[in-house]
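Participant: So that you have it, the file is input20.csv, and it contains CSV, C-alpha atoms:
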chain,number,residue,atom,x,y,z
A,20,VAL,CA,90.6,191.7,-94.7
A,21,SER,CA,88.7,190.8,-97.8
A,22,ASP,CA,86.2,188.1,-98.9
A,23,PHE,CA,88.8,186.9,-101.3
A,24,THR,CA,91.2,186.2,-98.4
A,25,ARG,CA,88.4,184.7,-96.3
A,26,ASN,CA,87.5,182.3,-99.2
A,27,CYS,CA,91.2,181.3,-99.6
A,28,LEU,CA,91.2,180.4,-95.9
A,29,LEU,CA,88.0,178.5,-96.1
A,30,SER,CA,89.1,176.5,-99.1
A,31,ARG,CA,91.6,174.9,-96.9
A,32,PHE,CA,89.7,175.0,-93.6
A,33,PRO,CA,86.0,174.9,-94.4
A,34,GLN,CA,85.2,173.9,-90.8
A,35,PHE,CA,85.8,177.6,-89.8
A,36,GLU,CA,83.2,179.1,-92.0
A,37,SER,CA,80.8,180.0,-89.2
A,38,ILE,CA,83.4,181.7,-87.2
A,39,THR,CA,85.2,183.7,-89.9
A,40,LYS,CA,84.3,187.2,-90.7
A,41,THR,CA,85.6,189.7,-93.3
A,42,VAL,CA,86.6,193.1,-91.9
A,43,TYR,CA,87.9,195.6,-94.4
A,44,LEU,CA,90.8,197.9,-93.6
A,45,GLY,CA,90.5,201.7,-93.6
A,46,ILE,CA,92.0,204.3,-95.9
A,47,ASP,CA,91.1,207.6,-94.2
A,48,HIS,CA,94.7,208.1,-93.0
A,49,ILE,CA,95.3,209.5,-96.5
A,50,PRO,CA,93.8,213.0,-97.2
A,51,SER,CA,90.8,212.9,-99.4
A,52,PHE,CA,90.9,214.4,-102.9
A,53,ASP,CA,89.9,218.0,-103.0
A,54,PRO,CA,90.0,219.7,-106.5
A,55,ALA,CA,90.3,223.1,-104.8
A,56,VAL,CA,93.6,222.2,-103.2
A,57,ILE,CA,96.7,222.7,-105.4
A,58,ARG,CA,99.2,220.1,-104.4
A,59,LYS,CA,102.9,220.2,-105.0
A,60,LYS,CA,103.9,218.9,-108.5
A,61,PRO,CA,106.6,216.3,-107.7
A,62,PHE,CA,108.0,215.8,-111.2
A,63,PRO,CA,108.3,218.0,-114.4
A,64,PHE,CA,107.0,215.2,-116.6
A,65,PRO,CA,103.7,213.2,-117.1
A,66,TYR,CA,103.9,209.8,-115.5
A,67,ILE,CA,102.1,206.6,-114.5
A,68,LEU,CA,102.7,205.2,-111.1
A,69,PHE,CA,103.3,201.9,-109.2
A,70,VAL,CA,103.3,201.8,-105.4
A,71,GLY,CA,104.2,198.7,-103.4
A,72,THR,CA,106.9,196.3,-102.4
A,73,ILE,CA,109.1,195.3,-105.3
A,74,ASP,CA,108.0,191.7,-105.2
A,75,LYS,CA,107.5,189.0,-107.8
A,76,ARG,CA,103.8,188.7,-107.2
A,77,LYS,CA,103.3,192.5,-107.8
A,78,ASN,CA,103.9,191.8,-111.5
A,79,LEU,CA,106.1,194.8,-112.1
A,80,VAL,CA,107.8,193.2,-115.1
A,81,LYS,CA,104.4,193.4,-116.9
A,82,VAL,CA,104.0,197.0,-115.8
A,83,ILE,CA,107.3,197.8,-117.4
A,84,GLU,CA,106.5,195.9,-120.6
A,85,ALA,CA,103.1,197.8,-120.8
A,86,PHE,CA,104.9,201.1,-120.2
A,87,GLU,CA,107.3,200.3,-123.0
A,88,ILE,CA,104.5,199.7,-125.4
A,89,ALA,CA,102.6,202.8,-124.3
A,90,LYS,CA,105.7,204.9,-125.0
A,91,GLU,CA,105.2,204.2,-128.7
A,92,THR,CA,102.1,206.5,-128.5
A,93,LEU,CA,102.8,208.6,-125.4
A,94,ARG,CA,106.4,209.5,-126.0
A,95,GLU,CA,106.7,212.0,-123.0
A,96,LEU,CA,105.3,209.5,-120.5
A,97,HIS,CA,107.5,208.3,-117.6
A,98,LEU,CA,107.0,205.5,-115.1
A,99,VAL,CA,107.5,206.2,-111.3
A,100,ILE,CA,108.0,203.2,-109.0
A,101,VAL,CA,107.6,203.7,-105.2
A,102,GLY,CA,108.4,200.9,-102.8
A,103,LYS,CA,111.1,198.9,-101.0
A,104,ASP,CA,112.9,195.9,-102.4
A,105,GLY,CA,111.2,192.6,-101.8
A,106,TYR,CA,111.2,189.0,-103.0
A,107,CYS,CA,113.0,188.7,-106.4
A,108,HIS,CA,113.4,192.4,-106.8
A,109,GLU,CA,116.6,191.7,-108.8
A,110,ILE,CA,114.4,190.6,-111.7
A,111,VAL,CA,112.7,194.0,-111.8
A,112,ASN,CA,116.0,195.9,-111.5
A,113,GLU,CA,117.4,193.9,-114.4
A,114,LYS,CA,114.3,194.6,-116.5
A,115,ILE,CA,114.7,198.3,-115.9
A,116,GLU,CA,118.3,198.3,-116.8
A,117,ARG,CA,117.6,196.5,-120.1
A,118,SER,CA,114.6,198.6,-121.0
A,119,PRO,CA,115.1,200.9,-124.0
A,120,HIS,CA,113.3,203.5,-121.9
A,121,SER,CA,115.3,203.0,-118.7
A,122,LYS,CA,116.0,206.7,-118.4
A,123,ASP,CA,112.3,207.4,-118.1
A,124,ILE,CA,111.8,204.8,-115.3
A,125,HIS,CA,112.3,206.2,-111.8
A,126,ARG,CA,112.7,204.0,-108.7
A,127,LEU,CA,112.2,206.0,-105.6
A,128,GLY,CA,112.2,203.5,-102.8
A,129,PHE,CA,110.4,204.4,-99.6
A,130,VAL,CA,108.7,207.9,-99.4
A,131,ASN,CA,106.9,209.5,-96.5
A,132,GLN,CA,103.1,210.0,-96.6
A,133,GLU,CA,103.2,213.7,-97.5
A,134,GLU,CA,105.4,212.9,-100.5
A,135,LEU,CA,103.3,209.9,-101.5
A,136,VAL,CA,100.1,211.9,-101.5
A,137,ASP,CA,101.7,214.5,-103.9
A,138,ILE,CA,103.0,211.7,-106.1
A,139,TYR,CA,99.5,210.0,-106.2
A,140,SER,CA,97.8,213.3,-106.9
A,141,ASP,CA,99.8,214.2,-110.0
A,142,ALA,CA,100.0,210.7,-111.6
A,143,TYR,CA,98.0,209.9,-114.7
A,144,ALA,CA,97.2,206.5,-113.1
A,145,LEU,CA,98.2,203.9,-110.6
A,146,VAL,CA,99.0,200.8,-112.5
A,147,PHE,CA,98.7,197.9,-110.1
A,148,PRO,CA,98.1,194.6,-111.9
A,149,SER,CA,99.2,192.3,-109.1
A,150,LEU,CA,99.0,188.5,-109.4
A,151,TYR,CA,97.9,188.2,-105.8
A,152,GLU,CA,96.8,190.6,-103.0
A,153,GLY,CA,95.0,190.0,-99.8
A,154,PHE,CA,93.6,193.5,-99.8
A,155,GLY,CA,95.5,196.1,-101.9
A,156,ILE,CA,95.8,199.4,-99.9
A,157,PRO,CA,97.5,201.3,-102.8
A,158,ILE,CA,94.3,201.0,-104.8
A,159,LEU,CA,92.3,202.9,-102.2
A,160,GLU,CA,95.1,205.3,-101.4
A,161,ALA,CA,95.2,206.3,-105.1
A,162,MET,CA,91.4,206.7,-105.3
A,163,SER,CA,91.4,208.8,-102.1
A,164,THR,CA,93.9,211.2,-103.6
A,165,GLY,CA,92.3,211.6,-107.0
A,166,CYS,CA,94.5,209.2,-108.9
A,167,PRO,CA,92.7,206.8,-111.4
A,168,VAL,CA,93.4,203.1,-111.0
A,169,ILE,CA,94.2,200.3,-113.4
A,170,THR,CA,94.3,197.0,-111.5
A,171,SER,CA,93.9,193.2,-111.9
A,172,ASN,CA,90.5,191.6,-112.8
A,173,ARG,CA,91.0,189.0,-110.1
A,174,GLY,CA,91.1,188.3,-106.4
A,175,ALA,CA,91.1,191.0,-103.8
A,176,MET,CA,92.0,193.7,-106.4
A,177,LYS,CA,88.6,193.3,-108.2
A,178,GLU,CA,86.8,193.2,-104.9
A,179,ILE,CA,88.5,196.2,-103.3
A,180,SER,CA,88.3,198.5,-106.4
A,181,GLY,CA,84.6,197.9,-106.9
A,182,ASP,CA,83.3,199.6,-110.0
A,183,ALA,CA,85.7,202.5,-109.6
A,184,ALA,CA,88.8,201.2,-111.5
A,185,ILE,CA,89.8,199.8,-114.9
A,186,LEU,CA,90.3,196.0,-114.6
A,187,VAL,CA,92.8,194.2,-116.8
A,188,VAL,CA,94.2,190.7,-117.3
A,189,PRO,CA,97.4,191.0,-115.3
A,190,ASN,CA,99.5,188.9,-117.6
A,191,ASP,CA,98.5,190.8,-120.8
A,192,ALA,CA,101.0,193.7,-121.3
A,193,GLU,CA,99.2,194.7,-124.5
A,194,GLU,CA,95.9,195.1,-122.7
A,195,ILE,CA,97.5,197.0,-119.8
A,196,SER,CA,99.2,199.3,-122.3
A,197,HIS,CA,96.0,199.9,-124.2
A,198,ARG,CA,94.2,201.0,-121.0
A,199,ILE,CA,97.1,203.2,-120.0
A,200,VAL,CA,96.9,205.0,-123.4
A,201,GLU,CA,93.2,205.2,-123.1
A,202,LEU,CA,93.2,206.7,-119.7
A,203,CYS,CA,95.9,209.2,-120.5
A,204,SER,CA,94.1,210.3,-123.6
A,205,ASN,CA,90.4,210.3,-122.5
A,206,THR,CA,89.7,213.2,-120.1
A,207,ALA,CA,86.1,212.2,-119.6
A,208,LEU,CA,87.0,208.7,-118.6
A,209,ARG,CA,89.7,210.0,-116.3
A,210,ALA,CA,87.3,212.5,-114.6
A,211,ARG,CA,84.7,209.7,-114.1
A,212,LEU,CA,87.2,207.4,-112.5
A,213,ILE,CA,88.5,210.2,-110.2
A,214,GLU,CA,85.0,210.9,-109.0
A,215,ASP,CA,84.0,207.3,-108.6
A,216,GLY,CA,87.2,206.5,-106.8
A,217,ARG,CA,86.8,209.4,-104.4
A,218,LEU,CA,83.3,208.3,-103.4
A,219,TRP,CA,84.2,204.6,-103.2
A,220,SER,CA,87.3,205.1,-101.0
A,221,LYS,CA,85.2,207.0,-98.5
A,222,GLU,CA,83.5,203.7,-97.6
A,223,PHE,CA,86.8,202.3,-96.1
A,224,ARG,CA,87.2,203.9,-92.7
A,225,TRP,CA,89.5,202.9,-89.8
A,226,SER,CA,86.7,203.7,-87.3
A,227,LYS,CA,84.5,201.2,-89.1
A,228,CYS,CA,87.3,198.6,-89.2
A,229,ALA,CA,87.9,199.1,-85.4
A,230,LYS,CA,84.2,198.8,-84.6
A,231,GLU,CA,83.8,195.6,-86.6
A,232,THR,CA,87.0,194.1,-85.2
A,233,SER,CA,85.8,194.9,-81.6
A,234,ALA,CA,82.5,193.2,-82.4
A,235,VAL,CA,84.4,190.0,-83.4
A,236,TYR,CA,86.3,190.0,-80.1
A,237,LYS,CA,83.1,190.6,-78.1
A,238,ALA,CA,81.3,187.8,-79.8
A,239,LEU,CA,84.2,185.4,-79.0
A,240,LEU,CA,84.1,186.4,-75.3
A,241,ASN,CA,80.4,185.9,-75.0
As structure tokens, how would this structure be written, given the file I've shared?
Facilitator:
Amino acid sequence: VSDFTRNCLLSRFPQFESITKTVYLGIDHIPSFDPAVIRKKPFPFPYILFVGTIDKRKNLVKVIEAFEIAKETLRELHLVIVGKDGYCHEIVNEKIERSPHSKDIHRLGFVNQEELVDIYSDAYALVFPSLYEGFGIPILEAMSTGCPVITSNRGAMKEISGDAAILVVPNDAEEISHRIVELCSNTALRARLIEDGRLWSKEFRWSKCAKETSAVYKALLN
């Protein structure tokens, strides 16, 4: 589903290079951003957002640390976390409980697609500095709904976000925090990322994914 994933496979099984092809997933199951549409405001406060399984590799502890630093400047900012419990989720729960800003951190669990689109659309940013992703669907979901993205400068995240996101070192909470403050404060940067993300996400269509997958099967059968 990404060149990054393909290269990980080929690093172990180089003999399969000639018969391995990258086919990107689609994102057009999510409504595209339309500035003329006024969507429901899900929360009465400004917030940054994380979407994904609460998993160790998702690097949520650094998201929380970056949020805590950003709160020194953006005192009204909240953090909203959407996703089910996964591997080592207890570490994240403990981090939230110990945070001096725990009352401003909101864990929602699973939400349906309509709710998710509203949450994306009103967020200042999706903060998604994962340590490892094979693709990274939340990156494109956010872009499609007009939500700027801060993500990791490595692996599939860098590939899937193209030039339409802010890239950060995932283990550097200070840098992530700096970029959060910058994005929340700089309206021109925010507007550019929203437009770039909207255009970039349109390239990832399920019809294209299906066509290219079909072509792989046909080639195998010939």
Participant: From the options A:Glu109, A:Glu36, A:Asp137, A:Asp215, which residue's atoms come nearest to Arg58 (chain A), counting only C-alpha atoms?
Facilitator: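 Selected residue with least distance to Arg58 (chain A): A:Asp137.
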Participant: So what do you get for CA of Leu212 (chain A) versus CA of Ser21 (chain A), distance-wise?
Facilitator: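 Calculated distance between CA of Leu212 (chain A) and CA of Ser21 (chain A) is 22.2 Å.
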Participant: Tell me, as a ChimeraX atom specification, which residues lie within 9 Å of Val136 (chain A), counting all atoms listed in the file; anything in the same chain fewer than 5 positions away does not count.
Facilitator: /A:49-50,58,131,141,160-161,164
Participant: To one decimal place in Å, what is the distance between CA of Leu150 (chain A) and CA of Gly174 (chain A)?
Facilitator: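 A separation of 8.5 Å between them.
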Participant: State, in Å with one decimal place, the distance from CA of Ala175 (chain A) to CA of Ala210 (chain A).
Facilitator: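 Those two atoms sit 24.4 Å apart.
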Participant: Any chance you could tabulate, as CSV, the residues of region 137-181 of chain A at most 12 Å from region 217-233 of chain A with each one's nearest atom pair and distance in Å to one decimal, using only C-alpha atoms, in chain and rising number order?
Facilitator:
residue,atom,partner,partner_atom,distance
A:Ser140,CA,A:Arg217,CA,11.9
A:Phe154,CA,A:Phe223,CA,11.7
A:Ile156,CA,A:Phe223,CA,10.2
A:Pro157,CA,A:Ser220,CA,11.0
A:Ile158,CA,A:Ser220,CA,9.0
A:Leu159,CA,A:Ser220,CA,5.6
A:Glu160,CA,A:Ser220,CA,7.8
A:Ala161,CA,A:Arg217,CA,9.0
A:Met162,CA,A:Arg217,CA,5.4
A:Ser163,CA,A:Arg217,CA,5.2
A:Thr164,CA,A:Arg217,CA,7.4
A:Gly165,CA,A:Arg217,CA,6.5
A:Cys166,CA,A:Arg217,CA,8.9
A:Pro167,CA,A:Arg217,CA,9.5
A:Val168,CA,A:Arg217,CA,11.3
A:Glu178,CA,A:Trp219,CA,11.8
A:Ile179,CA,A:Ser220,CA,9.3
A:Ser180,CA,A:Trp219,CA,8.0
A:Gly181,CA,A:Trp219,CA,7.7
Participant: Restrict the selected residues to C-alpha atoms and save them as a compact mmCIF listing (two decimals), in the coordinates of the input.
Facilitator:
# COMPACT_ATOMS: atom_id res chain seq x y z
CA SER A 140 97.80 213.30 -106.90
CA PHE A 154 93.60 193.50 -99.80
CA ILE A 156 95.80 199.40 -99.90
CA PRO A 157 97.50 201.30 -102.80
CA ILE A 158 94.30 201.00 -104.80
CA LEU A 159 92.30 202.90 -102.20
CA GLU A 160 95.10 205.30 -101.40
CA ALA A 161 95.20 206.30 -105.10
CA MET A 162 91.40 206.70 -105.30
CA SER A 163 91.40 208.80 -102.10
CA THR A 164 93.90 211.20 -103.60
CA GLY A 165 92.30 211.60 -107.00
CA CYS A 166 94.50 209.20 -108.90
CA PRO A 167 92.70 206.80 -111.40
CA VAL A 168 93.40 203.10 -111.00
CA GLU A 178 86.80 193.20 -104.90
CA ILE A 179 88.50 196.20 -103.30
CA SER A 180 88.30 198.50 -106.40
CA GLY A 181 84.60 197.90 -106.90
Participant: Do you know which residues lie at most 12 Å from (91.6, 210.6, -117.1), with coordinates as in the file and all atoms listed in the file counted, and could you write them as a ChimeraX atom specification?
Facilitator: /A:67,141-145,165-169,184-185,198-216
Participant: Name the residues in contact with Ile110 (chain A) at a cut-off of 12 Å, using only C-alpha atoms, excluding same-chain residues fewer than 3 positions from it; report them as number ranges by chain.
Facilitator: A: 73-81, 83, 104-107, 113-117
Participant: For each of A:Arg25, A:His48, A:His97, A:Arg173, take the minimum atom-to-atom distance to Ser121 (chain A), counting only C-alpha atoms, then give the residue where this is smallest.
Facilitator: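 Among the listed residues, the smallest separation from Ser121 (chain A) belongs to A:His97.
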Participant: Neighbouring residues of Leu96 (chain A) were defined as those with any atom within 10 Å, considering all atoms listed in the file; residues of the same chain fewer than 5 positions away were excluded. Please report them as a list in words.
Facilitator: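 Contacts, with the query itself left out: Phe64, Pro65, Tyr66, Ile67, Phe86, Glu87, Ala89, Lys90, Glu91, Asp123, Ile124, Tyr143, Val200 and Cys203 of chain A.
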Participant: Mind dumping the selected residues with C-alpha atoms as an mmCIF file, keeping the file's coordinate frame?
Facilitator:
data_model
loop_
_atom_site.group_PDB
_atom_site.id
_atom_site.type_symbol
_atom_site.label_atom_id
_atom_site.label_comp_id
_atom_site.auth_asym_id
_atom_site.auth_seq_id
_atom_site.Cartn_x
_atom_site.Cartn_y
_atom_site.Cartn_z
ATOM 1 C CA PHE A 64 107.000 215.200 -116.600
ATOM 2 C CA PRO A 65 103.700 213.200 -117.100
ATOM 3 C CA TYR A 66 103.900 209.800 -115.500
ATOM 4 C CA ILE A 67 102.100 206.600 -114.500
ATOM 5 C CA PHE A 86 104.900 201.100 -120.200
ATOM 6 C CA GLU A 87 107.300 200.300 -123.000
ATOM 7 C CA ALA A 89 102.600 202.800 -124.300
ATOM 8 C CA LYS A 90 105.700 204.900 -125.000
ATOM 9 C CA GLU A 91 105.200 204.200 -128.700
ATOM 10 C CA ASP A 123 112.300 207.400 -118.100
ATOM 11 C CA ILE A 124 111.800 204.800 -115.300
ATOM 12 C CA TYR A 143 98.000 209.900 -114.700
ATOM 13 C CA VAL A 200 96.900 205.000 -123.400
ATOM 14 C CA CYS A 203 95.900 209.200 -120.500
#
Participant: Calculated over all atoms listed in the file, which of the candidates A:Ala238, A:Met176, A:Ala55, A:Val187 has the smallest distance to Ile38 (chain A)?
Facilitator: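 Among the listed residues, A:Ala238 lies closest to Ile38 (chain A).
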Participant: Can you spit out region 107-119 of chain A with all heavy atoms, as a PDB file, in the first residue's frame, from the structure just given?
Facilitator:
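Below you can see result_9.pdb, which holds the result:
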ATOM      1  N   CYS A 107      -0.413  -1.776  24.421  1.00  0.00           N
ATOM      2  CA  CYS A 107       0.184  -0.881  25.426  1.00  0.00           C
ATOM      3  C   CYS A 107      -0.622   0.414  25.623  1.00  0.00           C
ATOM      4  O   CYS A 107      -0.054   1.457  25.947  1.00  0.00           O
ATOM      5  CB  CYS A 107       1.628  -0.541  25.064  1.00  0.00           C
ATOM      6  SG  CYS A 107       2.785  -1.918  25.265  1.00  0.00           S
ATOM      7  N   HIS A 108      -1.948   0.343  25.440  1.00  0.00           N
ATOM      8  CA  HIS A 108      -2.759   1.548  25.640  1.00  0.00           C
ATOM      9  C   HIS A 108      -2.720   2.030  27.086  1.00  0.00           C
ATOM     10  O   HIS A 108      -2.974   3.213  27.362  1.00  0.00           O
ATOM     11  CB  HIS A 108      -4.216   1.273  25.239  1.00  0.00           C
ATOM     12  CG  HIS A 108      -4.917   0.295  26.127  1.00  0.00           C
ATOM     13  ND1 HIS A 108      -4.867  -1.065  25.910  1.00  0.00           N
ATOM     14  CD2 HIS A 108      -5.667   0.474  27.243  1.00  0.00           C
ATOM     15  CE1 HIS A 108      -5.565  -1.677  26.852  1.00  0.00           C
ATOM     16  NE2 HIS A 108      -6.046  -0.777  27.675  1.00  0.00           N
ATOM     17  N   GLU A 109      -2.383   1.138  28.021  1.00  0.00           N
ATOM     18  CA  GLU A 109      -2.329   1.517  29.435  1.00  0.00           C
ATOM     19  C   GLU A 109      -1.303   2.634  29.675  1.00  0.00           C
ATOM     20  O   GLU A 109      -1.509   3.493  30.538  1.00  0.00           O
ATOM     21  CB  GLU A 109      -1.964   0.307  30.306  1.00  0.00           C
ATOM     22  CG  GLU A 109      -2.941  -0.855  30.212  1.00  0.00           C
ATOM     23  CD  GLU A 109      -2.597  -1.831  29.105  1.00  0.00           C
ATOM     24  OE1 GLU A 109      -1.684  -1.519  28.311  1.00  0.00           O
ATOM     25  OE2 GLU A 109      -3.237  -2.902  29.038  1.00  0.00           O
ATOM     26  N   ILE A 110      -0.217   2.623  28.907  1.00  0.00           N
ATOM     27  CA  ILE A 110       0.811   3.655  29.044  1.00  0.00           C
ATOM     28  C   ILE A 110       0.230   5.031  28.729  1.00  0.00           C
ATOM     29  O   ILE A 110       0.510   6.019  29.419  1.00  0.00           O
ATOM     30  CB  ILE A 110       2.007   3.341  28.114  1.00  0.00           C
ATOM     31  CG1 ILE A 110       2.680   2.037  28.533  1.00  0.00           C
ATOM     32  CG2 ILE A 110       3.015   4.491  28.115  1.00  0.00           C
ATOM     33  CD1 ILE A 110       3.756   1.566  27.569  1.00  0.00           C
ATOM     34  N   VAL A 111      -0.587   5.073  27.686  1.00  0.00           N
ATOM     35  CA  VAL A 111      -1.212   6.337  27.292  1.00  0.00           C
ATOM     36  C   VAL A 111      -2.213   6.796  28.347  1.00  0.00           C
ATOM     37  O   VAL A 111      -2.242   7.977  28.723  1.00  0.00           O
ATOM     38  CB  VAL A 111      -1.892   6.195  25.914  1.00  0.00           C
ATOM     39  CG1 VAL A 111      -2.678   7.464  25.561  1.00  0.00           C
ATOM     40  CG2 VAL A 111      -0.861   5.895  24.840  1.00  0.00           C
ATOM     41  N   ASN A 112      -3.021   5.864  28.834  1.00  0.00           N
ATOM     42  CA  ASN A 112      -4.003   6.223  29.868  1.00  0.00           C
ATOM     43  C   ASN A 112      -3.318   6.774  31.115  1.00  0.00           C
ATOM     44  O   ASN A 112      -3.785   7.760  31.714  1.00  0.00           O
ATOM     45  CB  ASN A 112      -4.858   5.005  30.223  1.00  0.00           C
ATOM     46  CG  ASN A 112      -5.781   4.595  29.099  1.00  0.00           C
ATOM     47  OD1 ASN A 112      -6.119   5.408  28.235  1.00  0.00           O
ATOM     48  ND2 ASN A 112      -6.194   3.339  29.087  1.00  0.00           N
ATOM     49  N   GLU A 113      -2.210   6.157  31.515  1.00  0.00           N
ATOM     50  CA  GLU A 113      -1.466   6.629  32.683  1.00  0.00           C
ATOM     51  C   GLU A 113      -0.864   8.007  32.430  1.00  0.00           C
ATOM     52  O   GLU A 113      -0.855   8.865  33.326  1.00  0.00           O
ATOM     53  CB  GLU A 113      -0.364   5.632  33.034  1.00  0.00           C
ATOM     54  CG  GLU A 113      -0.886   4.308  33.589  1.00  0.00           C
ATOM     55  CD  GLU A 113       0.212   3.276  33.744  1.00  0.00           C
ATOM     56  OE1 GLU A 113       1.397   3.642  33.550  1.00  0.00           O
ATOM     57  OE2 GLU A 113      -0.115   2.107  34.054  1.00  0.00           O
ATOM     58  N   LYS A 114      -0.385   8.225  31.223  1.00  0.00           N
ATOM     59  CA  LYS A 114       0.181   9.533  30.863  1.00  0.00           C
ATOM     60  C   LYS A 114      -0.881  10.625  30.957  1.00  0.00           C
ATOM     61  O   LYS A 114      -0.612  11.731  31.448  1.00  0.00           O
ATOM     62  CB  LYS A 114       0.758   9.461  29.449  1.00  0.00           C
ATOM     63  CG  LYS A 114       1.403  10.748  28.963  1.00  0.00           C
ATOM     64  CD  LYS A 114       2.689  11.035  29.677  1.00  0.00           C
ATOM     65  CE  LYS A 114       3.407  12.248  29.087  1.00  0.00           C
ATOM     66  NZ  LYS A 114       4.642  12.586  29.809  1.00  0.00           N
ATOM     67  N   ILE A 115      -2.082  10.320  30.492  1.00  0.00           N
ATOM     68  CA  ILE A 115      -3.177  11.286  30.568  1.00  0.00           C
ATOM     69  C   ILE A 115      -3.537  11.582  32.018  1.00  0.00           C
ATOM     70  O   ILE A 115      -3.719  12.745  32.412  1.00  0.00           O
ATOM     71  CB  ILE A 115      -4.413  10.763  29.800  1.00  0.00           C
ATOM     72  CG1 ILE A 115      -4.105  10.685  28.300  1.00  0.00           C
ATOM     73  CG2 ILE A 115      -5.630  11.675  30.048  1.00  0.00           C
ATOM     74  CD1 ILE A 115      -5.182   9.991  27.492  1.00  0.00           C
ATOM     75  N   GLU A 116      -3.638  10.542  32.824  1.00  0.00           N
ATOM     76  CA  GLU A 116      -4.011  10.713  34.229  1.00  0.00           C
ATOM     77  C   GLU A 116      -3.000  11.563  34.988  1.00  0.00           C
ATOM     78  O   GLU A 116      -3.362  12.342  35.873  1.00  0.00           O
ATOM     79  CB  GLU A 116      -4.153   9.346  34.897  1.00  0.00           C
ATOM     80  CG  GLU A 116      -5.358   8.545  34.420  1.00  0.00           C
ATOM     81  CD  GLU A 116      -5.369   7.134  34.975  1.00  0.00           C
ATOM     82  OE1 GLU A 116      -4.488   6.822  35.808  1.00  0.00           O
ATOM     83  OE2 GLU A 116      -6.251   6.344  34.586  1.00  0.00           O
ATOM     84  N   ARG A 117      -1.704  11.429  34.646  1.00  0.00           N
ATOM     85  CA  ARG A 117      -0.656  12.171  35.345  1.00  0.00           C
ATOM     86  C   ARG A 117      -0.452  13.581  34.798  1.00  0.00           C
ATOM     87  O   ARG A 117       0.238  14.396  35.413  1.00  0.00           O
ATOM     88  CB  ARG A 117       0.677  11.417  35.251  1.00  0.00           C
ATOM     89  CG  ARG A 117       0.688  10.075  35.980  1.00  0.00           C
ATOM     90  CD  ARG A 117       2.124   9.597  36.175  1.00  0.00           C
ATOM     91  NE  ARG A 117       2.880   9.635  34.934  1.00  0.00           N
ATOM     92  CZ  ARG A 117       2.993   8.622  34.087  1.00  0.00           C
ATOM     93  NH1 ARG A 117       2.374   7.478  34.332  1.00  0.00           N
ATOM     94  NH2 ARG A 117       3.724   8.730  32.993  1.00  0.00           N
ATOM     95  N   SER A 118      -1.039  13.857  33.651  1.00  0.00           N
ATOM     96  CA  SER A 118      -0.808  15.153  33.007  1.00  0.00           C
ATOM     97  C   SER A 118      -1.396  16.291  33.825  1.00  0.00           C
ATOM     98  O   SER A 118      -2.513  16.194  34.338  1.00  0.00           O
ATOM     99  CB  SER A 118      -1.438  15.165  31.607  1.00  0.00           C
ATOM    100  OG  SER A 118      -1.355  16.466  31.041  1.00  0.00           O
ATOM    101  N   PRO A 119      -0.682  17.405  33.949  1.00  0.00           N
ATOM    102  CA  PRO A 119      -1.244  18.575  34.630  1.00  0.00           C
ATOM    103  C   PRO A 119      -2.419  19.187  33.873  1.00  0.00           C
ATOM    104  O   PRO A 119      -3.150  20.012  34.419  1.00  0.00           O
ATOM    105  CB  PRO A 119      -0.059  19.545  34.693  1.00  0.00           C
ATOM    106  CG  PRO A 119       0.844  19.120  33.566  1.00  0.00           C
ATOM    107  CD  PRO A 119       0.694  17.631  33.485  1.00  0.00           C
TER     108      PRO A 119
END
